[in-house]
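Undergrad: Following this line is input26.pdb, made up of PDB, C-alpha atoms, pLDDT in the B column:
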ATOM      1  CA  MET D   1     -36.372 -55.390 -53.986  1.00 58.00           C
ATOM      2  CA  LYS D   2     -35.047 -53.401 -56.939  1.00 63.00           C
ATOM      3  CA  GLN D   3     -34.108 -49.790 -56.606  1.00 65.00           C
ATOM      4  CA  LYS D   4     -35.706 -47.446 -59.028  1.00 61.00           C
ATOM      5  CA  ILE D   5     -33.241 -45.121 -60.783  1.00 60.00           C
ATOM      6  CA  ALA D   6     -34.527 -41.695 -61.670  1.00 57.00           C
ATOM      7  CA  SER D   7     -34.494 -41.041 -65.395  1.00 60.00           C
ATOM      8  CA  ASN D   8     -34.998 -37.271 -65.175  1.00 69.00           C
ATOM      9  CA  TYR D   9     -31.410 -36.079 -64.744  1.00 68.00           C
ATOM     10  CA  LYS D  10     -30.913 -32.352 -64.823  1.00 75.00           C
ATOM     11  CA  GLY D  11     -27.801 -30.723 -66.243  1.00 78.00           C
ATOM     12  CA  PHE D  12     -25.419 -31.198 -69.129  1.00 78.00           C
ATOM     13  CA  THR D  13     -23.326 -34.146 -70.077  1.00 86.00           C
ATOM     14  CA  LEU D  14     -19.644 -33.574 -70.691  1.00 88.00           C
ATOM     15  CA  VAL D  15     -20.100 -33.920 -74.454  1.00 91.00           C
ATOM     16  CA  GLU D  16     -22.913 -31.357 -74.520  1.00 89.00           C
ATOM     17  CA  LEU D  17     -20.818 -28.927 -72.505  1.00 90.00           C
ATOM     18  CA  ILE D  18     -17.792 -29.275 -74.824  1.00 93.00           C
ATOM     19  CA  VAL D  19     -19.944 -28.782 -77.936  1.00 93.00           C
ATOM     20  CA  THR D  20     -21.572 -25.692 -76.412  1.00 92.00           C
ATOM     21  CA  LEU D  21     -18.202 -24.208 -75.490  1.00 93.00           C
ATOM     22  CA  ALA D  22     -16.842 -24.896 -78.987  1.00 94.00           C
ATOM     23  CA  ILE D  23     -19.800 -23.109 -80.596  1.00 94.00           C
ATOM     24  CA  ALA D  24     -19.382 -20.157 -78.204  1.00 92.00           C
ATOM     25  CA  ALA D  25     -15.659 -19.939 -79.038  1.00 91.00           C
ATOM     26  CA  ILE D  26     -16.390 -19.880 -82.783  1.00 91.00           C
ATOM     27  CA  LEU D  27     -18.983 -17.119 -82.333  1.00 88.00           C
ATOM     28  CA  MET D  28     -16.562 -15.060 -80.222  1.00 86.00           C
ATOM     29  CA  ALA D  29     -13.808 -15.429 -82.832  1.00 85.00           C
ATOM     30  CA  VAL D  30     -16.163 -14.113 -85.512  1.00 84.00           C
ATOM     31  CA  ALA D  31     -17.482 -11.225 -83.374  1.00 77.00           C
ATOM     32  CA  ALA D  32     -14.159  -9.986 -81.906  1.00 77.00           C
ATOM     33  CA  PRO D  33     -12.825  -8.107 -84.982  1.00 75.00           C
ATOM     34  CA  ASN D  34     -16.168  -6.347 -85.501  1.00 76.00           C
ATOM     35  CA  PHE D  35     -16.243  -5.374 -81.833  1.00 80.00           C
ATOM     36  CA  SER D  36     -12.729  -3.927 -82.107  1.00 79.00           C
ATOM     37  CA  ASN D  37     -13.746  -1.805 -85.117  1.00 80.00           C
ATOM     38  CA  MET D  38     -16.818  -0.618 -83.266  1.00 83.00           C
ATOM     39  CA  LEU D  39     -14.679   0.481 -80.304  1.00 84.00           C
ATOM     40  CA  GLN D  40     -12.307   2.380 -82.610  1.00 83.00           C
ATOM     41  CA  ASP D  41     -15.214   4.046 -84.413  1.00 83.00           C
ATOM     42  CA  ASN D  42     -16.694   5.117 -81.077  1.00 87.00           C
ATOM     43  CA  ARG D  43     -13.325   6.467 -79.919  1.00 87.00           C
ATOM     44  CA  ILE D  44     -12.870   8.625 -83.027  1.00 87.00           C
ATOM     45  CA  THR D  45     -16.424   9.943 -82.660  1.00 88.00           C
ATOM     46  CA  ALA D  46     -15.742  10.816 -79.014  1.00 91.00           C
ATOM     47  CA  HIS D  47     -12.555  12.656 -79.991  1.00 91.00           C
ATOM     48  CA  ALA D  48     -14.410  14.654 -82.646  1.00 91.00           C
ATOM     49  CA  ASN D  49     -17.136  15.533 -80.151  1.00 92.00           C
ATOM     50  CA  GLN D  50     -14.533  16.593 -77.579  1.00 93.00           C
ATOM     51  CA  PHE D  51     -12.862  18.981 -80.030  1.00 93.00           C
ATOM     52  CA  ILE D  52     -16.194  20.402 -81.204  1.00 93.00           C
ATOM     53  CA  ALA D  53     -17.237  20.921 -77.581  1.00 93.00           C
ATOM     54  CA  ALA D  54     -14.035  22.882 -76.936  1.00 94.00           C
ATOM     55  CA  LEU D  55     -14.583  25.080 -79.987  1.00 94.00           C
ATOM     56  CA  THR D  56     -18.216  25.688 -79.112  1.00 94.00           C
ATOM     57  CA  TYR D  57     -17.216  26.551 -75.558  1.00 95.00           C
ATOM     58  CA  ALA D  58     -14.566  29.004 -76.781  1.00 95.00           C
ATOM     59  CA  ARG D  59     -17.024  30.684 -79.129  1.00 95.00           C
ATOM     60  CA  SER D  60     -19.705  31.043 -76.475  1.00 95.00           C
ATOM     61  CA  GLU D  61     -17.183  32.427 -73.958  1.00 94.00           C
ATOM     62  CA  ALA D  62     -16.002  34.997 -76.514  1.00 94.00           C
ATOM     63  CA  VAL D  63     -19.544  36.248 -77.012  1.00 94.00           C
ATOM     64  CA  LYS D  64     -20.408  36.086 -73.303  1.00 94.00           C
ATOM     65  CA  ARG D  65     -17.274  37.935 -72.160  1.00 93.00           C
ATOM     66  CA  SER D  66     -17.102  40.293 -75.173  1.00 94.00           C
ATOM     67  CA  ALA D  67     -13.445  39.371 -75.372  1.00 93.00           C
ATOM     68  CA  ALA D  68     -11.210  37.415 -77.714  1.00 94.00           C
ATOM     69  CA  ILE D  69     -10.780  33.775 -76.684  1.00 95.00           C
ATOM     70  CA  ASP D  70      -7.799  31.740 -77.880  1.00 94.00           C
ATOM     71  CA  VAL D  71      -7.797  28.038 -78.676  1.00 92.00           C
ATOM     72  CA  VAL D  72      -4.207  26.821 -78.456  1.00 91.00           C
ATOM     73  CA  ALA D  73      -2.682  23.408 -79.169  1.00 90.00           C
ATOM     74  CA  THR D  74      -0.501  22.012 -76.409  1.00 89.00           C
ATOM     75  CA  ASN D  75       2.271  19.461 -76.831  1.00 77.00           C
ATOM     76  CA  ALA D  76       2.183  19.622 -80.632  1.00 66.00           C
ATOM     77  CA  THR D  77       4.414  16.984 -82.222  1.00 65.00           C
ATOM     78  CA  GLY D  78       5.300  17.030 -85.910  1.00 65.00           C
ATOM     79  CA  SER D  79       2.248  17.202 -88.131  1.00 63.00           C
ATOM     80  CA  ASP D  80      -0.027  16.206 -85.236  1.00 63.00           C
ATOM     81  CA  GLU D  81      -0.611  19.767 -84.084  1.00 78.00           C
ATOM     82  CA  TRP D  82      -3.648  19.146 -81.899  1.00 88.00           C
ATOM     83  CA  GLY D  83      -3.353  15.483 -80.806  1.00 85.00           C
ATOM     84  CA  GLY D  84      -1.357  16.429 -77.720  1.00 87.00           C
ATOM     85  CA  GLY D  85      -4.301  18.345 -76.295  1.00 90.00           C
ATOM     86  CA  TRP D  86      -5.473  21.934 -76.366  1.00 92.00           C
ATOM     87  CA  ARG D  87      -6.561  24.709 -74.076  1.00 92.00           C
ATOM     88  CA  VAL D  88      -9.061  27.530 -74.185  1.00 94.00           C
ATOM     89  CA  THR D  89      -7.746  30.807 -72.771  1.00 93.00           C
ATOM     90  CA  VAL D  90      -8.794  34.418 -72.450  1.00 93.00           C
ATOM     91  CA  ASN D  91      -6.678  36.325 -74.968  1.00 82.00           C
ATOM     92  CA  GLY D  92      -3.203  36.361 -73.403  1.00 74.00           C
ATOM     93  CA  GLY D  93      -4.634  35.524 -70.009  1.00 82.00           C
ATOM     94  CA  ALA D  94      -5.801  32.704 -67.827  1.00 88.00           C
ATOM     95  CA  ASP D  95      -6.783  29.222 -68.967  1.00 91.00           C
ATOM     96  CA  LEU D  96     -10.529  28.629 -69.001  1.00 92.00           C
ATOM     97  CA  LYS D  97     -10.384  24.918 -69.834  1.00 93.00           C
ATOM     98  CA  ILE D  98      -7.625  22.453 -70.599  1.00 92.00           C
ATOM     99  CA  PHE D  99      -8.284  19.387 -72.740  1.00 91.00           C
ATOM    100  CA  SER D 100      -6.063  16.322 -72.521  1.00 90.00           C
ATOM    101  CA  ALA D 101      -4.294  14.534 -75.354  1.00 87.00           C
ATOM    102  CA  LEU D 102      -6.184  12.170 -77.632  1.00 86.00           C
ATOM    103  CA  GLU D 103      -6.090   8.532 -76.574  1.00 84.00           C
ATOM    104  CA  GLY D 104      -4.722   5.657 -78.594  1.00 80.00           C
ATOM    105  CA  THR D 105      -3.285   6.277 -82.039  1.00 81.00           C
ATOM    106  CA  SER D 106      -5.591   9.187 -82.896  1.00 84.00           C
ATOM    107  CA  THR D 107      -4.176  12.320 -84.512  1.00 86.00           C
ATOM    108  CA  LEU D 108      -5.754  15.721 -85.093  1.00 88.00           C
ATOM    109  CA  ASP D 109      -4.057  17.807 -87.769  1.00 88.00           C
ATOM    110  CA  SER D 110      -4.678  21.313 -89.024  1.00 88.00           C
ATOM    111  CA  ASP D 111      -4.675  21.441 -92.832  1.00 87.00           C
ATOM    112  CA  ARG D 112      -3.125  24.917 -92.650  1.00 88.00           C
ATOM    113  CA  ASN D 113      -0.660  23.918 -89.869  1.00 86.00           C
ATOM    114  CA  PHE D 114      -2.168  26.306 -87.338  1.00 86.00           C
ATOM    115  CA  SER D 115      -1.472  25.546 -83.693  1.00 87.00           C
ATOM    116  CA  ALA D 116      -3.650  28.400 -82.413  1.00 88.00           C
ATOM    117  CA  PHE D 117      -6.539  30.585 -83.477  1.00 88.00           C
ATOM    118  CA  GLN D 118      -8.963  32.966 -81.892  1.00 93.00           C
ATOM    119  CA  TYR D 119     -12.670  33.514 -81.505  1.00 94.00           C
ATOM    120  CA  LEU D 120     -13.522  37.200 -81.646  1.00 95.00           C
ATOM    121  CA  PRO D 121     -16.061  38.907 -79.355  1.00 94.00           C
ATOM    122  CA  ASN D 122     -18.714  38.693 -82.089  1.00 94.00           C
ATOM    123  CA  GLY D 123     -18.350  34.863 -82.228  1.00 93.00           C
ATOM    124  CA  ARG D 124     -16.448  34.808 -85.510  1.00 94.00           C
ATOM    125  CA  ALA D 125     -13.235  32.824 -85.941  1.00 93.00           C
ATOM    126  CA  SER D 126     -10.034  34.648 -86.810  1.00 91.00           C
ATOM    127  CA  VAL D 127      -9.179  32.026 -89.462  1.00 90.00           C
ATOM    128  CA  THR D 128     -10.773  29.290 -91.499  1.00 92.00           C
ATOM    129  CA  ASP D 129      -9.264  25.847 -91.252  1.00 92.00           C
ATOM    130  CA  THR D 130     -10.056  22.194 -91.689  1.00 91.00           C
ATOM    131  CA  PHE D 131      -8.896  19.633 -89.163  1.00 91.00           C
ATOM    132  CA  THR D 132      -8.340  15.985 -90.043  1.00 88.00           C
ATOM    133  CA  LEU D 133      -9.014  13.449 -87.300  1.00 88.00           C
ATOM    134  CA  CYS D 134      -7.573   9.967 -87.866  1.00 84.00           C
ATOM    135  CA  ASP D 135      -6.678   6.889 -85.920  1.00 81.00           C
ATOM    136  CA  GLY D 136      -4.111   4.181 -86.646  1.00 72.00           C
ATOM    137  CA  ARG D 137      -6.260   2.397 -89.221  1.00 71.00           C
ATOM    138  CA  SER D 138      -5.508   3.156 -92.853  1.00 62.00           C
ATOM    139  CA  GLY D 139      -8.333   3.608 -95.313  1.00 61.00           C
ATOM    140  CA  GLU D 140     -10.896   3.721 -92.538  1.00 63.00           C
ATOM    141  CA  ALA D 141     -13.455   6.347 -91.653  1.00 70.00           C
ATOM    142  CA  GLY D 142     -12.014   9.568 -90.309  1.00 82.00           C
ATOM    143  CA  ARG D 143     -13.494  12.967 -89.633  1.00 87.00           C
ATOM    144  CA  ARG D 144     -13.005  16.381 -91.174  1.00 90.00           C
ATOM    145  CA  LEU D 145     -13.864  19.308 -88.936  1.00 92.00           C
ATOM    146  CA  THR D 146     -14.173  22.621 -90.757  1.00 93.00           C
ATOM    147  CA  ILE D 147     -14.209  25.971 -88.986  1.00 93.00           C
ATOM    148  CA  THR D 148     -15.603  28.812 -91.043  1.00 91.00           C
ATOM    149  CA  THR D 149     -15.002  32.519 -90.469  1.00 88.00           C
ATOM    150  CA  SER D 150     -18.516  32.728 -89.057  1.00 91.00           C
ATOM    151  CA  GLY D 151     -17.238  30.521 -86.230  1.00 89.00           C
ATOM    152  CA  ARG D 152     -19.424  27.546 -87.032  1.00 91.00           C
ATOM    153  CA  ILE D 153     -18.053  24.016 -87.122  1.00 91.00           C
ATOM    154  CA  ALA D 154     -19.028  21.462 -89.736  1.00 90.00           C
ATOM    155  CA  ILE D 155     -18.160  17.783 -89.400  1.00 88.00           C
ATOM    156  CA  THR D 156     -17.875  15.333 -92.261  1.00 85.00           C
ATOM    157  CA  ASN D 157     -17.325  11.589 -92.065  1.00 78.00           C
ATOM    158  CA  VAL D 158     -14.842  10.608 -94.731  1.00 75.00           C
ATOM    159  CA  SER D 159     -12.645   7.694 -95.725  1.00 71.00           C
ATOM    160  CA  LEU D 160      -9.087   8.850 -95.338  1.00 65.00           C
ATOM    161  CA  ASN D 161      -5.690   7.337 -95.824  1.00 62.00           C
ATOM    162  CA  CYS D 162      -4.379   8.345 -92.432  1.00 63.00           C
ATOM    163  CA  SER D 163      -1.312   6.156 -92.286  1.00 51.00           C
TER     164      SER D 163
END
Do you think you could lay out the structure here as structure tokens?

TA:
Amino acid sequence: MKQKIASNYKGFTLVELIVTLAIAAILMAVAAPNFSNMLQDNRITAHANQFIAALTYARSEAVKRSAAIDVVATNATGSDEWGGGWRVTVNGGADLKIFSALEGTSTLDSDRNFSAFQYLPNGRASVTDTFTLCDGRSGEAGRRLTITTSGRIAITNVSLNCS
């Protein structure tokens, strides 16, 4: 009596598995640089949002408390006035919120080299300034954050030579 061998095998052969893995490796090699750029773009957006949130908080506290509120850079190094973090304080008093340093190679510079400014009780800023937010990539998209004397913040996506 002959044994019947099943012809409906399930699974992959070794050759099929190697070809599939080779195709997956090629696709990953193509996608990895784009994924890295996407992560850096998201990081710079998060940093911009963090700084805007701090400024908005300071402005609202100034109006709410009817008192001047300071925004002060901490750990300023060289031209990177704000990359080391910043804090929001009641004028000459206690800290309301402390913000940590920017992660990675990001820098946040004041165009007018200010390391502190103030929101007045009416919500207006004591100075006008533009901040440049960059990361380690040169010629890539950065952000410009502009504070007007009215206290409002405008953000602009720009291509900057940040190196």

Undergrad: Select, from D:Ile69, D:Ala46, D:Leu21, D:Leu108, the residue with the minimum atom-to-atom distance to Thr89 of chain D, counting all atoms listed in the file.

TA: D:Ile69

Undergrad: Evaluated on this file, the PyMOL selection byres ((chain D and resi 91-102) around 12) picks out some residues - which ones are they, written as a VMD selection string?

TA: chain D and resid 43 to 55 57 to 58 61 to 62 65 to 77 80 to 90 103 to 109 116 to 121 133 to 135

Undergrad: Pick out the closest residue to Asn113 of chain D from this set: D:Asn34, D:Arg144, D:Thr132, D:Leu14. Count all atoms listed in the file.

TA: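 Using all atoms listed in the file, the shortest distance to Asn113 of chain D belongs to D:Thr132.
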
Undergrad: Hey, can you check how far atom CA of Gln40 of chain D sits from atom CA of Gly142 of chain D?

TA: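 Taking atom CA of Gln40 of chain D and atom CA of Gly142 of chain D, their separation equals 10.5 Å.
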
Undergrad: Can you tell me how far atom CA of Ser60 of chain D sits from atom CA of Asn42 of chain D, in Å to one decimal?

TA: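 Computed distance, atom CA of Ser60 of chain D to atom CA of Asn42 of chain D, equals 26.5 Å.
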
Undergrad: I'd like the interatomic distance between atom CA of Thr156 of chain D and atom CA of Val63 of chain D, to a tenth of an Å.

TA: 25.9 Å
